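The file data.pdb contains PDB, C-alpha atoms, pLDDT in the B column:
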ATOM      1  CA  MET H  28      15.683  -5.156   3.529  1.00 41.00           C
ATOM      2  CA  THR H  29      14.141  -4.827   6.955  1.00 43.00           C
ATOM      3  CA  GLN H  30      10.467  -5.702   7.013  1.00 47.00           C
ATOM      4  CA  SER H  31       7.892  -3.267   8.326  1.00 48.00           C
ATOM      5  CA  ALA H  32       5.722  -4.138  11.324  1.00 49.00           C
ATOM      6  CA  ALA H  33       2.705  -4.483   9.016  1.00 47.00           C
ATOM      7  CA  GLU H  34       4.526  -6.960   6.765  1.00 50.00           C
ATOM      8  CA  THR H  35       5.683  -8.992   9.750  1.00 50.00           C
ATOM      9  CA  GLN H  36       2.185  -9.094  11.242  1.00 55.00           C
ATOM     10  CA  ALA H  37       0.670 -10.068   7.899  1.00 55.00           C
ATOM     11  CA  GLU H  38       3.115 -12.938   7.460  1.00 58.00           C
ATOM     12  CA  ALA H  39       2.327 -14.140  10.985  1.00 76.00           C
ATOM     13  CA  LEU H  40      -1.307 -14.721  10.047  1.00 83.00           C
ATOM     14  CA  THR H  41      -2.377 -18.294   9.499  1.00 88.00           C
ATOM     15  CA  ALA H  42      -4.104 -19.289   6.282  1.00 90.00           C
ATOM     16  CA  ARG H  43      -7.373 -19.526   8.241  1.00 90.00           C
ATOM     17  CA  GLN H  44      -6.972 -16.002   9.601  1.00 92.00           C
ATOM     18  CA  GLN H  45      -6.167 -14.709   6.131  1.00 90.00           C
ATOM     19  CA  ALA H  46      -9.373 -16.323   4.873  1.00 91.00           C
ATOM     20  CA  VAL H  47     -11.312 -14.464   7.577  1.00 93.00           C
ATOM     21  CA  LEU H  48      -9.832 -11.137   6.475  1.00 92.00           C
ATOM     22  CA  ASP H  49     -10.669 -11.929   2.868  1.00 89.00           C
ATOM     23  CA  ALA H  50     -14.229 -12.564   4.047  1.00 90.00           C
ATOM     24  CA  VAL H  51     -14.268  -9.111   5.672  1.00 90.00           C
ATOM     25  CA  LEU H  52     -13.206  -7.510   2.388  1.00 88.00           C
ATOM     26  CA  GLY H  53     -15.856  -9.469   0.517  1.00 88.00           C
ATOM     27  CA  LEU H  54     -18.569  -8.302   2.900  1.00 89.00           C
ATOM     28  CA  MET H  55     -17.428  -4.696   2.563  1.00 84.00           C
ATOM     29  CA  MET H  56     -17.808  -4.973  -1.206  1.00 84.00           C
ATOM     30  CA  GLU H  57     -21.349  -6.260  -0.769  1.00 84.00           C
ATOM     31  CA  LYS H  58     -22.648  -4.402   2.281  1.00 76.00           C
ATOM     32  CA  GLY H  59     -20.456  -1.346   2.695  1.00 72.00           C
ATOM     33  CA  ASP H  60     -20.355  -0.201   6.306  1.00 69.00           C
ATOM     34  CA  GLN H  61     -22.982  -2.716   7.464  1.00 74.00           C
ATOM     35  CA  LEU H  62     -20.295  -5.008   8.811  1.00 81.00           C
ATOM     36  CA  THR H  63     -20.852  -6.993  12.000  1.00 87.00           C
ATOM     37  CA  MET H  64     -18.881  -9.691  13.764  1.00 91.00           C
ATOM     38  CA  THR H  65     -21.876 -11.981  13.309  1.00 92.00           C
ATOM     39  CA  ALA H  66     -21.849 -11.488   9.528  1.00 92.00           C
ATOM     40  CA  VAL H  67     -18.103 -12.095   9.362  1.00 93.00           C
ATOM     41  CA  ALA H  68     -18.363 -15.256  11.466  1.00 93.00           C
ATOM     42  CA  ARG H  69     -21.131 -16.553   9.244  1.00 92.00           C
ATOM     43  CA  ARG H  70     -19.278 -15.757   6.004  1.00 92.00           C
ATOM     44  CA  ALA H  71     -15.982 -17.189   7.274  1.00 92.00           C
ATOM     45  CA  SER H  72     -17.641 -20.260   8.838  1.00 92.00           C
ATOM     46  CA  CYS H  73     -16.183 -19.657  12.279  1.00 91.00           C
ATOM     47  CA  SER H  74     -17.501 -18.590  15.665  1.00 93.00           C
ATOM     48  CA  LYS H  75     -17.611 -15.048  16.994  1.00 92.00           C
ATOM     49  CA  GLU H  76     -15.596 -16.276  19.942  1.00 94.00           C
ATOM     50  CA  THR H  77     -12.798 -17.206  17.539  1.00 94.00           C
ATOM     51  CA  LEU H  78     -12.925 -13.752  15.947  1.00 94.00           C
ATOM     52  CA  TYR H  79     -12.675 -12.066  19.330  1.00 94.00           C
ATOM     53  CA  LYS H  80      -9.802 -14.354  20.324  1.00 93.00           C
ATOM     54  CA  TRP H  81      -7.853 -13.619  17.147  1.00 94.00           C
ATOM     55  CA  PHE H  82      -8.608  -9.946  16.566  1.00 93.00           C
ATOM     56  CA  GLY H  83     -10.195  -8.519  19.710  1.00 92.00           C
ATOM     57  CA  ASP H  84     -13.143  -6.294  18.838  1.00 90.00           C
ATOM     58  CA  ARG H  85     -14.507  -4.988  15.530  1.00 85.00           C
ATOM     59  CA  ASP H  86     -11.848  -2.291  15.358  1.00 84.00           C
ATOM     60  CA  GLY H  87      -9.154  -4.907  15.821  1.00 89.00           C
ATOM     61  CA  LEU H  88     -10.628  -6.942  13.002  1.00 90.00           C
ATOM     62  CA  LEU H  89     -10.761  -3.889  10.738  1.00 85.00           C
ATOM     63  CA  SER H  90      -7.182  -2.944  11.615  1.00 86.00           C
ATOM     64  CA  ALA H  91      -5.981  -6.442  10.744  1.00 89.00           C
ATOM     65  CA  THR H  92      -7.919  -6.295   7.470  1.00 87.00           C
ATOM     66  CA  VAL H  93      -6.348  -2.991   6.451  1.00 85.00           C
ATOM     67  CA  ARG H  94      -2.857  -4.242   7.363  1.00 84.00           C
ATOM     68  CA  TRP H  95      -3.505  -7.414   5.361  1.00 85.00           C
ATOM     69  CA  GLN H  96      -4.524  -5.358   2.333  1.00 81.00           C
ATOM     70  CA  ALA H  97      -1.625  -2.908   2.706  1.00 81.00           C
ATOM     71  CA  SER H  98       0.925  -5.699   3.198  1.00 80.00           C
ATOM     72  CA  GLN H  99       0.640  -6.459  -0.513  1.00 77.00           C
ATOM     73  CA  VAL H 100       2.460  -3.201  -1.270  1.00 79.00           C
ATOM     74  CA  ARG H 101       6.155  -4.009  -0.983  1.00 74.00           C
ATOM     75  CA  ALA H 102       9.429  -2.778  -2.353  1.00 63.00           C
ATOM     76  CA  GLY H 103      11.884  -5.275  -3.753  1.00 60.00           C
ATOM     77  CA  ASN H 104      14.655  -6.633  -1.583  1.00 66.00           C
ATOM     78  CA  PHE H 105      18.078  -5.048  -1.933  1.00 65.00           C
ATOM     79  CA  ASP H 106      21.424  -4.877  -0.188  1.00 69.00           C
ATOM     80  CA  ARG H 107      21.514  -1.454   1.467  1.00 74.00           C
ATOM     81  CA  GLN H 108      25.310  -1.550   1.556  1.00 74.00           C
ATOM     82  CA  ARG H 109      25.578  -2.313  -2.166  1.00 77.00           C
ATOM     83  CA  LEU H 110      22.626  -0.441  -3.577  1.00 86.00           C
ATOM     84  CA  ASP H 111      23.109   0.632  -7.166  1.00 89.00           C
ATOM     85  CA  ALA H 112      20.937   2.586  -9.574  1.00 90.00           C
ATOM     86  CA  GLY H 113      19.420  -0.498 -11.181  1.00 90.00           C
ATOM     87  CA  ALA H 114      18.428  -2.052  -7.851  1.00 89.00           C
ATOM     88  CA  LEU H 115      16.906   1.232  -6.681  1.00 93.00           C
ATOM     89  CA  ARG H 116      14.831   1.578  -9.838  1.00 93.00           C
ATOM     90  CA  GLU H 117      13.691  -2.037  -9.584  1.00 91.00           C
ATOM     91  CA  SER H 118      12.657  -1.611  -5.942  1.00 91.00           C
ATOM     92  CA  LEU H 119      10.723   1.599  -6.585  1.00 94.00           C
ATOM     93  CA  THR H 120       9.088   0.113  -9.684  1.00 94.00           C
ATOM     94  CA  ARG H 121       7.923  -2.967  -7.807  1.00 92.00           C
ATOM     95  CA  PHE H 122       6.557  -0.844  -4.986  1.00 92.00           C
ATOM     96  CA  ALA H 123       4.686   1.483  -7.353  1.00 94.00           C
ATOM     97  CA  ALA H 124       3.209  -1.374  -9.393  1.00 93.00           C
ATOM     98  CA  ASN H 125       2.064  -3.213  -6.244  1.00 90.00           C
ATOM     99  CA  TRP H 126       0.471  -0.053  -4.902  1.00 91.00           C
ATOM    100  CA  LEU H 127      -1.436   0.725  -8.122  1.00 91.00           C
ATOM    101  CA  GLU H 128      -2.662  -2.866  -8.324  1.00 91.00           C
ATOM    102  CA  VAL H 129      -3.907  -2.717  -4.727  1.00 88.00           C
ATOM    103  CA  ILE H 130      -5.656   0.673  -4.864  1.00 89.00           C
ATOM    104  CA  SER H 131      -7.385  -0.185  -8.143  1.00 90.00           C
ATOM    105  CA  SER H 132      -8.711  -3.522  -6.867  1.00 88.00           C
ATOM    106  CA  PRO H 133     -12.449  -3.824  -6.077  1.00 87.00           C
ATOM    107  CA  THR H 134     -11.701  -4.741  -2.456  1.00 86.00           C
ATOM    108  CA  SER H 135      -9.538  -1.665  -1.888  1.00 88.00           C
ATOM    109  CA  ILE H 136     -12.128   0.597  -3.497  1.00 88.00           C
ATOM    110  CA  ALA H 137     -14.857  -0.840  -1.245  1.00 86.00           C
ATOM    111  CA  LEU H 138     -12.695  -0.524   1.869  1.00 85.00           C
ATOM    112  CA  ASN H 139     -11.781   3.086   1.165  1.00 87.00           C
ATOM    113  CA  ARG H 140     -15.355   4.052   0.305  1.00 85.00           C
ATOM    114  CA  VAL H 141     -16.498   2.772   3.678  1.00 83.00           C
ATOM    115  CA  ALA H 142     -13.617   4.575   5.400  1.00 83.00           C
ATOM    116  CA  VAL H 143     -14.456   7.876   3.685  1.00 84.00           C
ATOM    117  CA  SER H 144     -18.136   7.471   4.548  1.00 80.00           C
ATOM    118  CA  GLU H 145     -17.375   6.780   8.216  1.00 76.00           C
ATOM    119  CA  ALA H 146     -14.841   9.612   8.408  1.00 77.00           C
ATOM    120  CA  ALA H 147     -17.705  12.105   8.208  1.00 74.00           C
ATOM    121  CA  SER H 148     -19.394  10.575  11.238  1.00 71.00           C
ATOM    122  CA  ARG H 149     -18.628  11.320  14.863  1.00 62.00           C
ATOM    123  CA  ASP H 150     -16.880   7.987  15.219  1.00 66.00           C
ATOM    124  CA  GLY H 151     -14.775   7.821  12.071  1.00 66.00           C
ATOM    125  CA  THR H 152     -12.824   4.859  13.450  1.00 78.00           C
ATOM    126  CA  LEU H 153     -12.259   3.100  10.135  1.00 79.00           C
ATOM    127  CA  GLY H 154     -10.920   6.284   8.554  1.00 82.00           C
ATOM    128  CA  ARG H 155      -8.257   6.530  11.241  1.00 84.00           C
ATOM    129  CA  ILE H 156      -7.467   2.838  10.891  1.00 82.00           C
ATOM    130  CA  VAL H 157      -7.007   3.151   7.121  1.00 84.00           C
ATOM    131  CA  LEU H 158      -4.771   6.199   7.520  1.00 85.00           C
ATOM    132  CA  ALA H 159      -2.617   4.586  10.205  1.00 84.00           C
ATOM    133  CA  ASN H 160      -2.296   1.154   8.609  1.00 79.00           C
ATOM    134  CA  GLY H 161      -2.614   2.220   4.974  1.00 81.00           C
ATOM    135  CA  ARG H 162      -1.215   5.552   3.808  1.00 85.00           C
ATOM    136  CA  PHE H 163       1.038   6.256   6.804  1.00 88.00           C
ATOM    137  CA  ALA H 164       2.288   2.667   7.115  1.00 85.00           C
ATOM    138  CA  ILE H 165       3.075   2.534   3.405  1.00 87.00           C
ATOM    139  CA  GLY H 166       4.998   5.785   3.736  1.00 89.00           C
ATOM    140  CA  GLU H 167       7.102   4.359   6.538  1.00 89.00           C
ATOM    141  CA  ARG H 168       7.736   1.300   4.376  1.00 88.00           C
ATOM    142  CA  LEU H 169       9.056   3.236   1.394  1.00 92.00           C
ATOM    143  CA  LYS H 170      10.978   6.035   3.075  1.00 94.00           C
ATOM    144  CA  PRO H 171      13.847   3.707   4.120  1.00 92.00           C
ATOM    145  CA  VAL H 172      14.274   2.807   0.429  1.00 93.00           C
ATOM    146  CA  LEU H 173      14.451   6.471  -0.506  1.00 95.00           C
ATOM    147  CA  GLU H 174      16.886   7.169   2.323  1.00 94.00           C
ATOM    148  CA  ALA H 175      19.061   4.259   1.205  1.00 93.00           C
ATOM    149  CA  GLY H 176      19.104   5.779  -2.271  1.00 94.00           C
ATOM    150  CA  ARG H 177      20.223   9.074  -0.795  1.00 95.00           C
ATOM    151  CA  GLU H 178      22.962   7.395   1.262  1.00 92.00           C
ATOM    152  CA  ALA H 179      24.212   5.705  -1.915  1.00 91.00           C
ATOM    153  CA  GLY H 180      24.366   9.052  -3.705  1.00 93.00           C
ATOM    154  CA  LEU H 181      21.604   8.093  -6.133  1.00 94.00           C
ATOM    155  CA  LEU H 182      18.953  10.500  -4.844  1.00 96.00           C
ATOM    156  CA  ALA H 183      19.159  14.023  -3.464  1.00 96.00           C
ATOM    157  CA  PHE H 184      16.457  15.394  -1.153  1.00 96.00           C
ATOM    158  CA  ASP H 185      16.244  17.168   2.191  1.00 96.00           C
ATOM    159  CA  ASP H 186      13.166  15.531   3.674  1.00 96.00           C
ATOM    160  CA  ALA H 187      12.120  11.892   3.186  1.00 96.00           C
ATOM    161  CA  GLU H 188       8.446  12.626   3.854  1.00 96.00           C
ATOM    162  CA  THR H 189       8.366  15.288   1.146  1.00 96.00           C
ATOM    163  CA  ALA H 190      10.138  12.983  -1.303  1.00 97.00           C
ATOM    164  CA  PHE H 191       7.679  10.200  -0.505  1.00 96.00           C
ATOM    165  CA  ARG H 192       4.660  12.457  -1.018  1.00 96.00           C
ATOM    166  CA  THR H 193       6.051  13.488  -4.395  1.00 97.00           C
ATOM    167  CA  PHE H 194       6.538   9.842  -5.347  1.00 97.00           C
ATOM    168  CA  PHE H 195       3.054   9.014  -4.067  1.00 94.00           C
ATOM    169  CA  GLY H 196       1.510  11.775  -6.186  1.00 95.00           C
ATOM    170  CA  LEU H 197       3.427  10.914  -9.356  1.00 96.00           C
ATOM    171  CA  VAL H 198       2.444   7.243  -9.146  1.00 95.00           C
ATOM    172  CA  GLY H 199      -1.142   7.615  -7.951  1.00 92.00           C
ATOM    173  CA  ARG H 200      -2.104  10.772  -9.857  1.00 93.00           C
ATOM    174  CA  ASP H 201      -5.925  10.959  -9.855  1.00 93.00           C
ATOM    175  CA  VAL H 202      -6.491   7.193 -10.070  1.00 92.00           C
ATOM    176  CA  GLN H 203      -7.801   6.549  -6.573  1.00 90.00           C
ATOM    177  CA  ILE H 204     -10.190   9.492  -6.372  1.00 91.00           C
ATOM    178  CA  ARG H 205     -11.652   8.646  -9.784  1.00 93.00           C
ATOM    179  CA  LEU H 206     -12.234   5.048  -8.733  1.00 90.00           C
ATOM    180  CA  LEU H 207     -13.769   6.068  -5.412  1.00 89.00           C
ATOM    181  CA  LEU H 208     -16.180   8.365  -7.219  1.00 91.00           C
ATOM    182  CA  GLY H 209     -17.318   5.602  -9.578  1.00 89.00           C
ATOM    183  CA  ASP H 210     -15.305   6.256 -12.715  1.00 91.00           C
ATOM    184  CA  ALA H 211     -15.211   3.105 -14.838  1.00 86.00           C
ATOM    185  CA  LEU H 212     -11.425   3.262 -15.006  1.00 87.00           C
ATOM    186  CA  THR H 213      -9.657  -0.021 -15.690  1.00 86.00           C
ATOM    187  CA  LEU H 214      -5.958  -0.640 -15.226  1.00 88.00           C
ATOM    188  CA  ASP H 215      -4.457  -3.805 -16.631  1.00 90.00           C
ATOM    189  CA  LYS H 216      -0.866  -4.845 -16.081  1.00 92.00           C
ATOM    190  CA  ALA H 217       0.288  -3.085 -19.243  1.00 94.00           C
ATOM    191  CA  ASP H 218      -1.398   0.168 -18.166  1.00 93.00           C
ATOM    192  CA  ILE H 219       0.166  -0.078 -14.738  1.00 94.00           C
ATOM    193  CA  ALA H 220       3.625  -0.851 -16.145  1.00 95.00           C
ATOM    194  CA  ARG H 221       3.436   2.140 -18.482  1.00 95.00           C
ATOM    195  CA  ASP H 222       2.182   4.520 -15.790  1.00 95.00           C
ATOM    196  CA  VAL H 223       4.778   3.326 -13.293  1.00 96.00           C
ATOM    197  CA  ALA H 224       7.654   3.712 -15.768  1.00 96.00           C
ATOM    198  CA  ARG H 225       6.591   7.275 -16.491  1.00 97.00           C
ATOM    199  CA  ALA H 226       6.239   8.099 -12.787  1.00 97.00           C
ATOM    200  CA  ILE H 227       9.660   6.648 -11.961  1.00 96.00           C
ATOM    201  CA  ASP H 228      11.265   8.667 -14.768  1.00 96.00           C
ATOM    202  CA  GLN H 229       9.583  11.812 -13.451  1.00 96.00           C
ATOM    203  CA  PHE H 230      10.685  11.066  -9.893  1.00 97.00           C
ATOM    204  CA  PHE H 231      14.312  10.614 -10.942  1.00 96.00           C
ATOM    205  CA  THR H 232      14.133  13.826 -12.957  1.00 95.00           C
ATOM    206  CA  LEU H 233      13.219  15.613  -9.728  1.00 95.00           C
ATOM    207  CA  TYR H 234      15.425  13.739  -7.249  1.00 96.00           C
ATOM    208  CA  GLY H 235      17.973  11.655  -9.153  1.00 95.00           C
ATOM    209  CA  THR H 236      21.595  12.759  -9.002  1.00 91.00           C
ATOM    210  CA  ALA H 237      23.330  13.559 -12.273  1.00 71.00           C
ATOM    211  CA  GLN H 238      26.364  11.406 -11.418  1.00 55.00           C
ATOM    212  CA  ASN H 239      24.297   8.328 -10.602  1.00 57.00           C
ATOM    213  CA  ASP H 240      21.270   8.630 -12.887  1.00 58.00           C
ATOM    214  CA  PRO H 241      19.349   5.306 -12.480  1.00 45.00           C
ATOM    215  CA  ARG H 242      17.887   5.642 -15.968  1.00 48.00           C
ATOM    216  CA  ARG H 243      21.294   5.928 -17.602  1.00 49.00           C
ATOM    217  CA  THR H 244      22.631   2.986 -15.565  1.00 45.00           C
ATOM    218  CA  THR H 245      19.647   0.824 -16.472  1.00 44.00           C
ATOM    219  CA  HIS H 246      19.743   1.655 -20.175  1.00 40.00           C
ATOM    220  CA  ASN H 247      23.456   1.018 -20.472  1.00 40.00           C
ATOM    221  CA  ALA H 248      23.343  -2.307 -18.629  1.00 38.00           C
TER     222      ALA H 248
END
Can you dump the structure from the file as structure tokens?
Amino acid sequence: MTQSAAETQAEALTARQQAVLDAVLGLMMEKGDQLTMTAVARRASCSKETLYKWFGDRDGLLSATVRWQASQVRAGNFDRQRLDAGALRESLTRFAANWLEVISSPTSIALNRVAVSEAASRDGTLGRIVLANGRFAIGERLKPVLEAGREAGLLAFDDAETAFRTFFGLVGRDVQIRLLLGDALTLDKADIARDVARAIDQFFTLYGTAQNDPRRTTHNA
């Protein structure tokens, strides 16, 4: 499967650069929006000059951090020319599980809380960065999978964006907003697997074709 720009950029990061972005996420968990290049340099044990060389300004650093976080959400690899119902279900399941794991992580919660807080300000830069490199980028990553399913006769929908938003809602439900508002909700791997399986079943009920029902193919394998 073709990689998205965000995935390619994330893989191009060196281990040292990844450590810097992890330091940014750690500082956001501790200090919220009080994030400076000086604090990042100190936490990551590097110079500000290095940060500017690698990421440009603060917005560039934040953009790279969001892309790094979002790059963890991936669909499984598949052969677009030979896509079958089982491979489609596996790809969507992997994507959904990755996404739930990411949005329920402490670092993602901290990042999104800061973005929501800044969105109400005149600047609101981080909010735009999170939308562009988070929600919108993830949508562009999954829609080709959905379109491949449609081309293979496994899914039926008119608009990929609408189908993605339905998928997004079925998988995410109210999880993210509850976490952002401080609900002590915990999701372990078993919870995530159960929720994802239910969401995938619901999605195929809405968009799966009767002739190529992925659930029937999987169960009869």
Mind running stretch 134-184 of chain H against stretch 41-53 of chain H at 8 Å and telling me each contacting residue's nearest atom pair with the distance in Å (one decimal), counting all atoms listed in the file, chain and number ascending, as CSV?
residue,atom,partner,partner_atom,distance
H:Thr134,CA,H:Leu52,CA,5.8
H:Ala137,CA,H:Leu52,CA,7.8
H:Leu138,CA,H:Leu52,CA,7.0
- [ ] Name every residue that the PyMOL selection byres ((chain H and resi 135) around 10) selects in this structure, writing the answer as a list in words with chains first and numbers rising.
- [x]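 Those residues are Leu52, Met55, Met56, Val93, Gln96, Ala97, Glu128, Val129, Ile130, Ser131, Ser132, Pro133, Thr134, Ile136, Ala137, Leu138, Asn139, Arg140, Val141, Gln203, Leu206 and Leu207 of chain H.
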- [ ] Return the single residue from H:Ala147, H:Leu127, H:Leu89, H:Leu233 that is closest to H:Ala220, with distances computed using all atoms listed in the file.
- [x] H:Leu127
Task: Polymer residues at most 10 Å from H:Leu110, only C-alpha atoms, same-chain spacing of 4 or more positions, as a list of chain:residue names - done: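 With the cut-off at 10 Å, the set is H:Phe105, H:Asp106, H:Ala114, H:Leu115, H:Val172, H:Ala175, H:Gly176, H:Glu178, H:Ala179, H:Gly180, H:Leu181.
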Task: Hits from the PyMOL selection byres ((chain H and resi 65-79) around 8), listed as a list in words - done: Ala46, Val47, Ala50, Val51, Leu54, Leu62, Thr63, Met64, Lys80, Trp81, Phe82, Gly83, Asp84 and Leu88 of chain H
Store the residues picked out above in a file with C-alpha atoms, as a PDB file, keeping the file's coordinate frame.
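Result written to out23.pdb:
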ATOM      1  CA  ALA H  46      -9.373 -16.323   4.873  1.00 91.00           C
ATOM      2  CA  VAL H  47     -11.312 -14.464   7.577  1.00 93.00           C
ATOM      3  CA  ALA H  50     -14.229 -12.564   4.047  1.00 90.00           C
ATOM      4  CA  VAL H  51     -14.268  -9.111   5.672  1.00 90.00           C
ATOM      5  CA  LEU H  54     -18.569  -8.302   2.900  1.00 89.00           C
ATOM      6  CA  LEU H  62     -20.295  -5.008   8.811  1.00 81.00           C
ATOM      7  CA  THR H  63     -20.852  -6.993  12.000  1.00 87.00           C
ATOM      8  CA  MET H  64     -18.881  -9.691  13.764  1.00 91.00           C
ATOM      9  CA  LYS H  80      -9.802 -14.354  20.324  1.00 93.00           C
ATOM     10  CA  TRP H  81      -7.853 -13.619  17.147  1.00 94.00           C
ATOM     11  CA  PHE H  82      -8.608  -9.946  16.566  1.00 93.00           C
ATOM     12  CA  GLY H  83     -10.195  -8.519  19.710  1.00 92.00           C
ATOM     13  CA  ASP H  84     -13.143  -6.294  18.838  1.00 90.00           C
ATOM     14  CA  LEU H  88     -10.628  -6.942  13.002  1.00 90.00           C
TER      15      LEU H  88
END
Open item on the list: Env of stretch 157-168 of chain H: 8 Å cut, atoms = all atoms listed in the file, seq-sep filter 4 positions within chain, self excluded. Answer as a ChimeraX atom specification.
Closed with: /H:30-31,33,90,93-94,97,100-101,139,142,153,172,188,191
- [ ] Can you work out the spacing between atom CA of H:Leu169 and atom CA of H:Leu212 in Å, to one decimal?
- [x]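 Computing it gives 26.2 Å between the two atoms.
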TODO: Calculate how many Å separate atom CA of H:Arg85 from atom CA of H:Ala39, rounding to one decimal.
DONE: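 Separation of atom CA of H:Arg85 and atom CA of H:Ala39: 19.7 Å.
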- [ ] Give the answer as one residue: which of H:Asp228, H:Tyr234, H:Asp218, H:Ala112 has the shortest atom-to-atom distance to H:Thr189, using all atoms listed in the file?
- [x] H:Tyr234
Task: Selected residue, from H:Gly113, H:Gly59, H:Gly87, H:Gly209, that lies nearest to H:Thr152 when counting all atoms listed in the file - done: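 Ranked by minimum distance to H:Thr152, first place goes to H:Gly87.
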Task: Point-to-point distance from atom CA of H:Asp222 to atom CA of H:Thr92, Å rounded to tenths - done: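 Taking atom CA of H:Asp222 as the start and atom CA of H:Thr92 as the end point, the length is 27.6 Å.
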Task: For H:Pro171, the nearest of the candidates H:Ala187, H:Val198, H:Ala123, H:Ala146, counting only C-alpha atoms - done: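 Among the listed residues, the smallest separation from H:Pro171 belongs to H:Ala187.
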TODO: Go through the shown structure with the PyMOL selection byres ((chain H and resi 196) around 12) and write out the matching residues as a PyMOL selection string.
DONE: chain H and resi 123+126-127+189-195+197-204+223+226-227+229-230
- [ ] Find the residue from H:Ala91, H:Leu173, H:Val143, H:Leu208 that sits nearest to H:Asp186; use only C-alpha atoms when measuring.
- [x]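 Ranked by minimum distance to H:Asp186, first place goes to H:Leu173.
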TODO: Considering all atoms listed in the file, state which residue in the set H:Ala183, H:Ala224, H:Leu214, H:Ile156 is at the smallest distance from H:Leu119.
DONE: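 Counting all atoms listed in the file, the residue closest to H:Leu119 is H:Ala224.
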